[in-house]
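Asks: Right, I'll just put the structure down here and ask away after.
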Amino acid sequence: MNKAEAHPISAESFDFLKDIVVDVAPEALAQCVRVLLQNWRQGTVACKDRGQVVSRSNRKPWKQKGTGRARAGSARSPLWRGGGVTFGPQERTRTLKMPREIRRRVLQRILMERLERQRILSFILDDMTKTVQAAAFLKNQNLHNKKVCMFVQPEDFAGQRIFTNIPSVHMMLFDQPNVYTLVNADYWVFAEKDMNAFKEMVNKWI
């Protein structure tokens, strides 16, 4: 039987957090999330206008006068089915920037809130080798219906393999934190053997 248990991490575990004072505007968090979501967009959507090669011919469908029909110059007109698109989306790169200092303060705010609410947990995994055991561990800790951000080392392939197929768990490497994923998770979880890696990651936010 899996004996693993999760233990909450307190602010006293981090010496460098004793004198920290979080000073950030409330809207800074929303701005950080918006910048990330905007920069993650691929920008590959595009459509053709009437000047590009579309499926219709560019010849004049009928003469200008004498037919009784409305004048038409090309079957590629946006008014015609199969023609070009007027003011349609085109490929472009969207890039927004956020000051590094503001991003660090937002990360500090998220960290302190998680510590105050005891939403950062560490656990010991000795004999956990299967996803079934990992799912049972989360259920025993009442985390099976919560959004969990699981921090792992890049070389910890065993830990990644065990938790990666659990829908409520988002795997994150210690060198890849981002505001959107951190604030979207209800709990942050990492193995006790990775405590130093977690402290090193958090220390970069101070």
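Naming scheme: A, B, ... for chains in displayed order of the structure tokens; residues 1 onward per chain; ligands 1 onward as shown.
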If you count only C-alpha atoms, which residues fall within 10 Å of Thr164 in chain A, apart from same-chain ones fewer than 5 positions away, as a list of chain:residue names?

Replies: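 What passes the distance filter is A:Thr131, A:Ala134, A:Met150, A:Gly159, A:Val169, A:His170, A:Met171.
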
Asks: Quick one: residues within 8 Å of range 24-27 of chain A, only C-alpha atoms counted, chain neighbours fewer than 5 positions away excluded, as a list of chain:residue names?

Replies: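 Result of the neighbour search: A:Ile102, A:Arg105, A:Val106, A:Arg109.
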
Asks: Go ahead and compute the interatomic distance for CA of Gln153 in chain A and CA of Ser122 in chain A, in Å to one decimal.

Replies: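 CA of Ser122 in chain A lies 14.0 Å from CA of Gln153 in chain A.
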
Asks: To one decimal in Å, tell me the separation between CA of Gln64 in chain A and CA of Leu79 in chain A.

Replies: 17.0 Å

Asks: Identify all residues of range 44-185 of chain A in alpha helix (DSSP H) (DSSP on the backbone) and supply them as a PyMOL selection string.

Replies: chain A and resi 100-116+131-140+157-163+179-184

Asks: Kindly export the residues of the current selection with N, CA and C atoms, as a CSV table (one decimal), in the first residue's frame.

Replies:
chain,number,residue,atom,x,y,z
A,100,ARG,N,10.2,43.2,-16.1
A,100,ARG,CA,10.7,42.0,-15.3
A,100,ARG,C,10.4,42.2,-13.8
A,101,GLU,N,10.6,43.4,-13.3
A,101,GLU,CA,10.4,43.7,-11.9
A,101,GLU,C,8.9,43.5,-11.5
A,102,ILE,N,8.0,43.9,-12.4
A,102,ILE,CA,6.5,43.6,-12.1
A,102,ILE,C,6.2,42.1,-12.1
A,103,ARG,N,6.8,41.4,-13.1
A,103,ARG,CA,6.6,40.0,-13.1
A,103,ARG,C,7.1,39.3,-11.8
A,104,ARG,N,8.3,39.7,-11.3
A,104,ARG,CA,8.8,39.2,-10.1
A,104,ARG,C,7.9,39.4,-8.9
A,105,ARG,N,7.4,40.6,-8.8
A,105,ARG,CA,6.5,41.0,-7.7
A,105,ARG,C,5.2,40.2,-7.8
A,106,VAL,N,4.7,39.9,-9.0
A,106,VAL,CA,3.5,39.1,-9.1
A,106,VAL,C,3.8,37.7,-8.7
A,107,LEU,N,4.9,37.2,-9.0
A,107,LEU,CA,5.3,35.8,-8.6
A,107,LEU,C,5.4,35.8,-7.1
A,108,GLN,N,5.9,36.8,-6.5
A,108,GLN,CA,6.0,36.9,-5.0
A,108,GLN,C,4.6,36.9,-4.4
A,109,ARG,N,3.7,37.7,-5.0
A,109,ARG,CA,2.4,37.7,-4.4
A,109,ARG,C,1.7,36.3,-4.5
A,110,ILE,N,1.8,35.7,-5.6
A,110,ILE,CA,1.2,34.3,-5.7
A,110,ILE,C,1.8,33.4,-4.7
A,111,LEU,N,3.2,33.4,-4.6
A,111,LEU,CA,3.9,32.6,-3.6
A,111,LEU,C,3.4,32.8,-2.2
A,112,MET,N,3.3,34.1,-1.8
A,112,MET,CA,2.9,34.3,-0.4
A,112,MET,C,1.4,33.9,-0.2
A,113,GLU,N,0.6,34.1,-1.1
A,113,GLU,CA,-0.8,33.7,-1.0
A,113,GLU,C,-0.9,32.2,-0.8
A,114,ARG,N,-0.1,31.4,-1.6
A,114,ARG,CA,-0.2,30.0,-1.5
A,114,ARG,C,0.4,29.5,-0.2
A,115,LEU,N,1.4,30.2,0.3
A,115,LEU,CA,2.0,29.8,1.6
A,115,LEU,C,1.0,30.1,2.8
A,116,GLU,N,0.4,31.3,2.7
A,116,GLU,CA,-0.6,31.6,3.8
A,116,GLU,C,-1.8,30.7,3.8
A,131,THR,N,0.8,5.0,-12.4
A,131,THR,CA,-0.1,6.1,-12.4
A,131,THR,C,-1.3,5.8,-11.4
A,132,VAL,N,-1.6,4.5,-11.3
A,132,VAL,CA,-2.7,4.1,-10.4
A,132,VAL,C,-2.4,4.5,-9.0
A,133,GLN,N,-1.1,4.3,-8.6
A,133,GLN,CA,-0.7,4.6,-7.2
A,133,GLN,C,-0.7,6.2,-7.1
A,134,ALA,N,-0.3,6.9,-8.1
A,134,ALA,CA,-0.3,8.3,-8.0
A,134,ALA,C,-1.7,8.9,-7.9
A,135,ALA,N,-2.6,8.3,-8.6
A,135,ALA,CA,-4.0,8.7,-8.5
A,135,ALA,C,-4.6,8.4,-7.1
A,136,ALA,N,-4.2,7.3,-6.6
A,136,ALA,CA,-4.7,6.9,-5.2
A,136,ALA,C,-4.0,7.9,-4.2
A,137,PHE,N,-2.8,8.3,-4.4
A,137,PHE,CA,-2.2,9.2,-3.5
A,137,PHE,C,-2.9,10.6,-3.5
A,138,LEU,N,-3.2,11.1,-4.7
A,138,LEU,CA,-4.0,12.3,-4.8
A,138,LEU,C,-5.4,12.2,-4.2
A,139,LYS,N,-6.0,11.1,-4.3
A,139,LYS,CA,-7.3,10.9,-3.7
A,139,LYS,C,-7.2,10.9,-2.2
A,140,ASN,N,-6.2,10.2,-1.7
A,140,ASN,CA,-6.0,10.2,-0.2
A,140,ASN,C,-5.8,11.5,0.4
A,157,PHE,N,12.4,11.4,-15.1
A,157,PHE,CA,11.5,10.8,-16.0
A,157,PHE,C,10.5,9.9,-15.3
A,158,ALA,N,10.8,9.3,-14.2
A,158,ALA,CA,9.9,8.4,-13.5
A,158,ALA,C,8.7,9.2,-13.0
A,159,GLY,N,9.0,10.3,-12.3
A,159,GLY,CA,8.0,11.1,-11.7
A,159,GLY,C,7.1,11.7,-12.8
A,160,GLN,N,7.7,12.1,-13.9
A,160,GLN,CA,6.9,12.7,-15.0
A,160,GLN,C,6.0,11.6,-15.6
A,161,ARG,N,6.5,10.4,-15.7
A,161,ARG,CA,5.7,9.3,-16.3
A,161,ARG,C,4.5,9.0,-15.4
A,162,ILE,N,4.7,9.0,-14.1
A,162,ILE,CA,3.7,8.6,-13.2
A,162,ILE,C,2.5,9.6,-13.2
A,163,PHE,N,2.8,10.8,-13.2
A,163,PHE,CA,1.7,11.8,-13.0
A,163,PHE,C,1.2,12.5,-14.3
A,179,VAL,N,3.3,32.7,-14.8
A,179,VAL,CA,2.2,33.2,-13.9
A,179,VAL,C,0.9,32.5,-14.2
A,180,TYR,N,0.6,32.3,-15.4
A,180,TYR,CA,-0.7,31.7,-15.8
A,180,TYR,C,-0.9,30.3,-15.2
A,181,THR,N,0.1,29.4,-15.3
A,181,THR,CA,-0.1,28.1,-14.8
A,181,THR,C,-0.1,28.1,-13.3
A,182,LEU,N,0.8,28.9,-12.7
A,182,LEU,CA,0.9,28.9,-11.2
A,182,LEU,C,-0.4,29.5,-10.6
A,183,VAL,N,-1.0,30.5,-11.1
A,183,VAL,CA,-2.2,31.1,-10.5
A,183,VAL,C,-3.4,30.2,-10.8
A,184,ASN,N,-3.4,29.4,-11.9
A,184,ASN,CA,-4.5,28.6,-12.3
A,184,ASN,C,-4.6,27.3,-11.4

Asks: Which is closest to Lys147 in chain A among A:Phe123, A:Trp40, A:Phe174, A:Tyr187, if we use only C-alpha atoms?

Replies: A:Tyr187

Asks: Between A:Cys47, A:Leu29, A:Val53, A:Met172, single out the one closest to Glu91 in chain A, counting only C-alpha atoms.

Replies: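 Ranking A:Cys47, A:Leu29, A:Val53, A:Met172 by distance to Glu91 in chain A, first place goes to A:Cys47.
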
Asks: Of the residues A:Ala185, A:Ile166, A:Ile124, A:Leu96, which is the one nearest to Asn39 in chain A, using only C-alpha atoms?

Replies: A:Leu96

Asks: To one decimal place, how far is CA of Met128 in chain A from CA of Pro154 in chain A in Å?

Replies: 18.4 Å
